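Coordinates as given in query-v4.cif (mmCIF, C-alpha atoms):
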```cif
data_coords
loop_
_atom_site.group_PDB
_atom_site.id
_atom_site.type_symbol
_atom_site.label_atom_id
_atom_site.label_comp_id
_atom_site.auth_asym_id
_atom_site.auth_seq_id
_atom_site.Cartn_x
_atom_site.Cartn_y
_atom_site.Cartn_z
ATOM 1 C CA MET A 155 -28.352 42.687 129.563
ATOM 2 C CA ALA A 156 -25.284 44.944 129.696
ATOM 3 C CA CYS A 157 -26.861 46.931 132.540
ATOM 4 C CA ASN A 158 -27.308 43.750 134.581
ATOM 5 C CA SER A 159 -23.666 42.799 134.007
ATOM 6 C CA ILE A 160 -22.518 46.227 135.142
ATOM 7 C CA LYS A 161 -24.771 46.079 138.206
ATOM 8 C CA ASN A 162 -23.337 42.659 139.102
ATOM 9 C CA ILE A 163 -19.673 43.624 138.745
ATOM 10 C CA ARG A 164 -19.902 47.148 140.190
ATOM 11 C CA PRO A 165 -19.599 46.143 143.889
ATOM 12 C CA PHE A 166 -16.449 44.144 143.141
ATOM 13 C CA LEU A 167 -14.885 47.014 141.180
ATOM 14 C CA LEU A 168 -15.712 49.550 143.891
ATOM 15 C CA ASN A 169 -14.238 47.259 146.542
ATOM 16 C CA ALA A 170 -11.005 46.842 144.544
ATOM 17 C CA LEU A 171 -10.706 50.576 143.899
ATOM 18 C CA GLU A 172 -11.355 51.349 147.561
ATOM 19 C CA LYS A 173 -8.531 49.022 148.631
ATOM 20 C CA MET A 174 -6.186 50.645 146.113
ATOM 21 C CA PHE A 175 -6.869 54.225 147.163
ATOM 22 C CA ILE A 176 -7.717 54.157 150.864
ATOM 23 C CA ASN A 177 -4.104 53.649 151.964
ATOM 24 C CA LEU A 178 -2.206 56.112 149.789
ATOM 25 C CA PRO A 179 1.559 55.637 149.872
ATOM 26 C CA ARG A 180 3.263 58.084 152.234
ATOM 27 C CA PRO A 181 5.861 60.574 150.973
ATOM 28 C CA GLN A 182 9.503 59.509 150.969
ATOM 29 C CA SER A 183 12.172 62.174 151.164
ATOM 30 C CA PRO A 184 15.298 61.438 149.127
ATOM 31 C CA LEU A 185 17.190 63.935 151.377
ATOM 32 C CA ASN A 186 19.813 64.481 148.675
ATOM 33 C CA GLU A 187 17.664 66.460 146.268
ATOM 34 C CA ASP A 188 17.203 70.218 145.973
ATOM 35 C CA TYR A 189 13.679 70.045 147.440
ATOM 36 C CA PRO A 190 13.528 67.077 149.843
ATOM 37 C CA GLN A 191 10.327 68.353 151.500
ATOM 38 C CA VAL A 192 8.240 67.950 148.329
ATOM 39 C CA ALA A 193 5.604 65.216 148.362
ATOM 40 C CA LEU A 194 3.346 66.103 145.427
ATOM 41 C CA LEU A 195 3.689 67.586 141.953
ATOM 42 C CA VAL A 196 0.395 69.287 141.064
ATOM 43 C CA ASP A 197 -0.861 70.621 137.742
ATOM 44 C CA ALA A 198 -4.091 71.063 135.825
ATOM 45 C CA THR A 199 -4.650 69.553 132.422
ATOM 46 C CA THR A 200 -7.053 70.674 129.720
ATOM 47 C CA ILE A 201 -8.969 68.137 127.633
ATOM 48 C CA LYS A 202 -10.368 69.561 124.411
ATOM 49 C CA VAL A 203 -14.055 68.894 123.722
ATOM 50 C CA SER A 204 -16.130 69.457 120.602
ATOM 51 C CA THR A 205 -17.456 72.935 119.950
ATOM 52 C CA PRO A 206 -21.003 72.978 121.324
ATOM 53 C CA PRO A 207 -23.685 73.561 118.645
ATOM 54 C CA ILE A 208 -25.165 76.449 120.620
ATOM 55 C CA PRO A 209 -24.471 80.212 120.750
ATOM 56 C CA PHE A 210 -21.209 81.261 122.460
ATOM 57 C CA GLU A 211 -23.123 83.108 125.179
ATOM 58 C CA ASP A 212 -24.581 79.763 126.274
ATOM 59 C CA SER A 213 -21.377 77.755 125.940
ATOM 60 C CA ASN A 214 -18.758 80.234 127.199
ATOM 61 C CA LEU A 215 -18.298 78.342 130.490
ATOM 62 C CA LEU A 216 -16.687 75.553 128.460
ATOM 63 C CA TYR A 217 -14.326 77.959 126.682
ATOM 64 C CA ASP A 218 -10.753 78.078 127.971
ATOM 65 C CA GLY A 219 -9.478 81.501 126.925
ATOM 66 C CA HIS A 220 -5.865 80.640 127.786
ATOM 67 C CA HIS A 221 -5.725 77.668 125.396
ATOM 68 C CA GLN A 222 -8.466 79.070 123.117
ATOM 69 C CA VAL A 223 -10.446 75.812 122.985
ATOM 70 C CA TYR A 224 -13.659 74.412 124.393
ATOM 71 C CA SER A 225 -12.550 72.056 127.117
ATOM 72 C CA MET A 226 -12.868 70.330 130.456
ATOM 73 C CA LYS A 227 -10.138 70.601 133.109
ATOM 74 C CA PHE A 228 -8.754 68.246 135.725
ATOM 75 C CA GLU A 229 -6.156 68.714 138.418
ATOM 76 C CA VAL A 230 -3.721 65.860 138.974
ATOM 77 C CA ALA A 231 -1.315 65.398 141.899
ATOM 78 C CA VAL A 232 1.553 62.973 141.298
ATOM 79 C CA SER A 233 3.956 61.589 143.897
ATOM 80 C CA ALA A 234 7.296 63.406 143.841
ATOM 81 C CA TRP A 235 9.303 60.226 144.454
ATOM 82 C CA TYR A 236 9.978 57.339 142.087
ATOM 83 C CA PRO A 237 7.891 55.579 140.846
ATOM 84 C CA HIS A 238 5.696 58.612 140.191
ATOM 85 C CA LYS A 239 2.030 57.731 140.698
ATOM 86 C CA ALA A 240 -1.103 59.829 140.299
ATOM 87 C CA LEU A 241 -2.421 60.003 143.861
ATOM 88 C CA PHE A 242 -5.186 62.584 143.442
ATOM 89 C CA VAL A 243 -7.358 63.503 140.453
ATOM 90 C CA SER A 244 -10.040 66.174 140.695
ATOM 91 C CA ASN A 245 -13.501 66.000 139.233
ATOM 92 C CA ALA A 246 -13.846 67.531 135.779
ATOM 93 C CA VAL A 247 -14.707 71.225 135.662
ATOM 94 C CA MET A 248 -15.671 73.518 132.807
ATOM 95 C CA GLY A 249 -12.771 74.809 130.710
ATOM 96 C CA GLY A 250 -13.472 78.405 131.708
ATOM 97 C CA VAL A 251 -12.520 77.719 135.346
ATOM 98 C CA HIS A 252 -9.087 79.154 136.204
ATOM 99 C CA GLU A 253 -6.381 76.822 137.550
ATOM 100 C CA VAL A 254 -6.141 78.782 140.812
ATOM 101 C CA ALA A 255 -9.861 78.267 141.464
ATOM 102 C CA LEU A 256 -9.474 74.570 140.675
ATOM 103 C CA PHE A 257 -6.515 74.317 143.072
ATOM 104 C CA ARG A 258 -8.326 76.200 145.853
ATOM 105 C CA GLU A 259 -11.420 74.043 145.416
ATOM 106 C CA GLY A 260 -9.448 70.822 145.791
ATOM 107 C CA LYS A 261 -6.842 71.978 148.290
ATOM 108 C CA GLU A 262 -8.547 70.269 151.222
ATOM 109 C CA ARG A 263 -7.847 66.844 149.760
ATOM 110 C CA TYR A 264 -4.117 67.592 150.115
ATOM 111 C CA VAL A 265 -4.091 69.098 153.615
ATOM 112 C CA GLN A 266 -4.497 65.822 155.518
ATOM 113 C CA TYR A 267 -2.126 63.935 153.235
ATOM 114 C CA LEU A 268 0.632 66.557 153.626
ATOM 115 C CA LYS A 269 0.681 66.423 157.439
ATOM 116 C CA MET A 270 3.676 64.366 158.549
ATOM 117 C CA THR A 271 2.973 61.340 160.689
ATOM 118 C CA ASP A 272 4.822 61.039 164.020
ATOM 119 C CA LYS A 273 7.158 58.517 162.423
ATOM 120 C CA GLU A 274 7.921 60.883 159.522
ATOM 121 C CA LYS A 275 8.546 63.773 161.933
ATOM 122 C CA GLU A 276 11.083 61.650 163.827
ATOM 123 C CA LYS A 277 12.832 60.692 160.618
ATOM 124 C CA TYR A 278 12.815 63.998 158.698
ATOM 125 C CA PHE A 279 12.214 66.944 161.048
ATOM 126 C CA CYS A 280 15.903 67.535 161.867
ATOM 127 C CA THR A 281 16.691 67.805 158.169
ATOM 128 C CA LEU A 282 13.538 69.463 156.817
ATOM 129 C CA HIS A 283 12.620 71.701 159.812
ATOM 130 C CA THR A 284 8.897 71.374 159.097
ATOM 131 C CA ASP A 285 6.022 69.124 160.131
ATOM 132 C CA ARG A 286 4.332 68.975 156.736
ATOM 133 C CA TRP A 287 5.225 68.058 153.211
ATOM 134 C CA ALA A 288 5.147 70.570 150.345
ATOM 135 C CA ILE A 289 3.678 70.734 146.842
ATOM 136 C CA VAL A 290 5.394 71.855 143.634
ATOM 137 C CA ALA A 291 2.987 73.582 141.256
ATOM 138 C CA ASP A 292 3.186 75.864 138.234
ATOM 139 C CA LYS A 293 2.748 79.642 138.205
ATOM 140 C CA GLY A 294 -1.015 79.220 137.831
ATOM 141 C CA SER A 295 -1.261 77.937 141.417
ATOM 142 C CA GLN A 296 0.398 80.891 143.126
ATOM 143 C CA GLY A 297 -1.475 82.360 146.047
ATOM 144 C CA HIS A 298 -1.456 82.757 149.781
ATOM 145 C CA PHE A 299 -1.971 79.360 151.365
ATOM 146 C CA THR A 300 -1.414 79.133 155.105
ATOM 147 C CA ASP A 301 -2.085 75.428 155.544
ATOM 148 C CA ILE A 302 -0.072 74.133 152.553
ATOM 149 C CA GLU A 303 3.452 74.987 151.444
ATOM 150 C CA VAL A 304 3.319 75.513 147.682
ATOM 151 C CA ILE A 305 6.602 75.906 145.807
ATOM 152 C CA THR A 306 6.108 77.718 142.499
ATOM 153 C CA PRO A 307 8.356 79.439 139.971
ATOM 154 C CA ILE A 308 8.669 83.198 140.355
ATOM 155 C CA LYS A 309 6.293 85.095 138.101
ATOM 156 C CA LYS A 310 7.654 87.909 135.977
ATOM 157 C CA HIS A 311 5.905 91.169 136.779
ATOM 158 C CA SER A 312 5.538 93.997 134.307
ATOM 159 C CA THR A 313 7.610 96.280 136.561
ATOM 160 C CA ASN A 314 10.416 93.718 136.804
ATOM 161 C CA SER A 315 10.608 92.020 133.434
ATOM 162 C CA LYS A 316 14.010 90.391 134.018
ATOM 163 C CA LEU A 317 14.482 87.537 136.473
ATOM 164 C CA SER A 318 17.865 86.859 138.010
ATOM 165 C CA SER A 319 19.576 83.560 137.178
ATOM 166 C CA CYS A 320 18.700 82.368 140.691
ATOM 167 C CA GLN A 321 15.006 83.163 140.151
ATOM 168 C CA ARG A 322 14.913 81.263 136.867
#
```

Could you spell out this file's structure in structure tokens?
Amino acid sequence: MACNSIKNIRPFLLNALEKMFINLPRPQSPLNEDYPQVALLVDATTIKVSTPPIPFEDSNLLYDGHHQVYSMKFEVAVSAWYPHKALFVSNAVMGGVHEVALFREGKERYVQYLKMTDKEKEKYFCTLHTDRWAIVADKGSQGHFTDIEVITPIKKHSTNSKLSSCQR
């Protein structure tokens, strides 16, 4: 009986969700902030799961060594302007997957969104001097990305343990 109800309502739910997410809101630059070119704030989140009742060798893909828990991970991209809305959410991956791999895997979903429309270029290009929006991410997302501008904090390296006040 419950299955029939779900089957009956599913097309209506999918239609509503499609309408909500097909036309994502476009970035809006405040132009008075420190980073006016930023469109998305991206980070991964870890959701703890129960310890699997199997040997570690068989369950180690679920183990997140950084947080030292068995988990699943998601990457979430939130709009950088108010009101902040979650615009992109990745599929769940095993806790052992590194954030950089998760970011690289889902990067394509951002590329199209971050290209400025002709209207946005007219409005913002003189101020921003770029034709695409940027992402702010944590240190875990650092890497060499040619098709996306990713703004991250500067990582401390063992050879240079002190960061200048500007770098902080």

Given the PyMOL selection byres ((chain A and resi 215) around 10) and the file above, list the residues it selects as a compact mmCIF listing (two decimals) with C-alpha atoms, in the frame of the given file.
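Final output, saved to part-v4.txt:
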```txt
# COMPACT_ATOMS: atom_id res chain seq x y z
CA PHE A 210 -21.21 81.26 122.46
CA GLU A 211 -23.12 83.11 125.18
CA ASP A 212 -24.58 79.76 126.27
CA SER A 213 -21.38 77.76 125.94
CA ASN A 214 -18.76 80.23 127.20
CA LEU A 216 -16.69 75.55 128.46
CA TYR A 217 -14.33 77.96 126.68
CA ASP A 218 -10.75 78.08 127.97
CA TYR A 224 -13.66 74.41 124.39
CA SER A 225 -12.55 72.06 127.12
CA MET A 226 -12.87 70.33 130.46
CA VAL A 247 -14.71 71.22 135.66
CA MET A 248 -15.67 73.52 132.81
CA GLY A 249 -12.77 74.81 130.71
CA GLY A 250 -13.47 78.40 131.71
CA VAL A 251 -12.52 77.72 135.35
```

Between atom CA of A:Val223 and atom CA of A:Leu194 lies a distance of 28.1 Å

Applied to the shown file, which residues does the PyMOL selection byres ((chain A and resi 191-193) around 12) return, written as an mmCIF file with C-alpha atoms, in the frame of the given file?
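Written file, selection-v1.cif:
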```cif
data_model
loop_
_atom_site.group_PDB
_atom_site.id
_atom_site.type_symbol
_atom_site.label_atom_id
_atom_site.label_comp_id
_atom_site.auth_asym_id
_atom_site.auth_seq_id
_atom_site.Cartn_x
_atom_site.Cartn_y
_atom_site.Cartn_z
ATOM 1 C CA PRO A 179 1.559 55.637 149.872
ATOM 2 C CA ARG A 180 3.263 58.084 152.234
ATOM 3 C CA PRO A 181 5.861 60.574 150.973
ATOM 4 C CA GLN A 182 9.503 59.509 150.969
ATOM 5 C CA SER A 183 12.172 62.174 151.164
ATOM 6 C CA PRO A 184 15.298 61.438 149.127
ATOM 7 C CA LEU A 185 17.190 63.935 151.377
ATOM 8 C CA ASN A 186 19.813 64.481 148.675
ATOM 9 C CA GLU A 187 17.664 66.460 146.268
ATOM 10 C CA ASP A 188 17.203 70.218 145.973
ATOM 11 C CA TYR A 189 13.679 70.045 147.440
ATOM 12 C CA PRO A 190 13.528 67.077 149.843
ATOM 13 C CA LEU A 194 3.346 66.103 145.427
ATOM 14 C CA LEU A 195 3.689 67.586 141.953
ATOM 15 C CA VAL A 196 0.395 69.287 141.064
ATOM 16 C CA ALA A 231 -1.315 65.398 141.899
ATOM 17 C CA VAL A 232 1.553 62.973 141.298
ATOM 18 C CA SER A 233 3.956 61.589 143.897
ATOM 19 C CA ALA A 234 7.296 63.406 143.841
ATOM 20 C CA TRP A 235 9.303 60.226 144.454
ATOM 21 C CA TYR A 236 9.978 57.339 142.087
ATOM 22 C CA HIS A 238 5.696 58.612 140.191
ATOM 23 C CA LYS A 239 2.030 57.731 140.698
ATOM 24 C CA ALA A 240 -1.103 59.829 140.299
ATOM 25 C CA LEU A 241 -2.421 60.003 143.861
ATOM 26 C CA TYR A 264 -4.117 67.592 150.115
ATOM 27 C CA VAL A 265 -4.091 69.098 153.615
ATOM 28 C CA TYR A 267 -2.126 63.935 153.235
ATOM 29 C CA LEU A 268 0.632 66.557 153.626
ATOM 30 C CA LYS A 269 0.681 66.423 157.439
ATOM 31 C CA MET A 270 3.676 64.366 158.549
ATOM 32 C CA GLU A 274 7.921 60.883 159.522
ATOM 33 C CA LYS A 275 8.546 63.773 161.933
ATOM 34 C CA TYR A 278 12.815 63.998 158.698
ATOM 35 C CA PHE A 279 12.214 66.944 161.048
ATOM 36 C CA CYS A 280 15.903 67.535 161.867
ATOM 37 C CA THR A 281 16.691 67.805 158.169
ATOM 38 C CA LEU A 282 13.538 69.463 156.817
ATOM 39 C CA HIS A 283 12.620 71.701 159.812
ATOM 40 C CA THR A 284 8.897 71.374 159.097
ATOM 41 C CA ASP A 285 6.022 69.124 160.131
ATOM 42 C CA ARG A 286 4.332 68.975 156.736
ATOM 43 C CA TRP A 287 5.225 68.058 153.211
ATOM 44 C CA ALA A 288 5.147 70.570 150.345
ATOM 45 C CA ILE A 289 3.678 70.734 146.842
ATOM 46 C CA VAL A 290 5.394 71.855 143.634
ATOM 47 C CA ALA A 291 2.987 73.582 141.256
ATOM 48 C CA ILE A 302 -0.072 74.133 152.553
ATOM 49 C CA GLU A 303 3.452 74.987 151.444
ATOM 50 C CA VAL A 304 3.319 75.513 147.682
ATOM 51 C CA ILE A 305 6.602 75.906 145.807
ATOM 52 C CA THR A 306 6.108 77.718 142.499
#
```

Mind giving me the straight-line distance from atom CA of A:Phe299 to atom CA of A:Val230 in Å, one decimal? 18.4 Å

What is the distance between atom CA of A:Lys227 and atom CA of A:Pro307, in Å to one decimal?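 According to the coordinates, atom CA of A:Lys227 and atom CA of A:Pro307 are separated by 21.6 Å.
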
From A:Val203, A:Leu178, A:Ile163, A:Val243, residue lying nearest A:Leu256 [only C-alpha atoms]: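 The answer is A:Val243, which sits nearest to A:Leu256.
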
For this structure, which residues satisfy the selection - the PyMOL selection byres ((chain A and resi 198) around 7) - when it is evaluated on the file as given? I want them as a PyMOL selection string. chain A and resi 197+199-200+227-230+253

Give me the box for stretch 248-257 of chain A as JSON, namely the centre and edge lengths in Å to one decimal of a box along x, y and z that holds every listed atom plus 8 Å on each side.
```
{"center_x": -10.9, "center_y": 76.3, "center_z": 136.9, "size_x": 25.5, "size_y": 21.6, "size_z": 28.4}
```
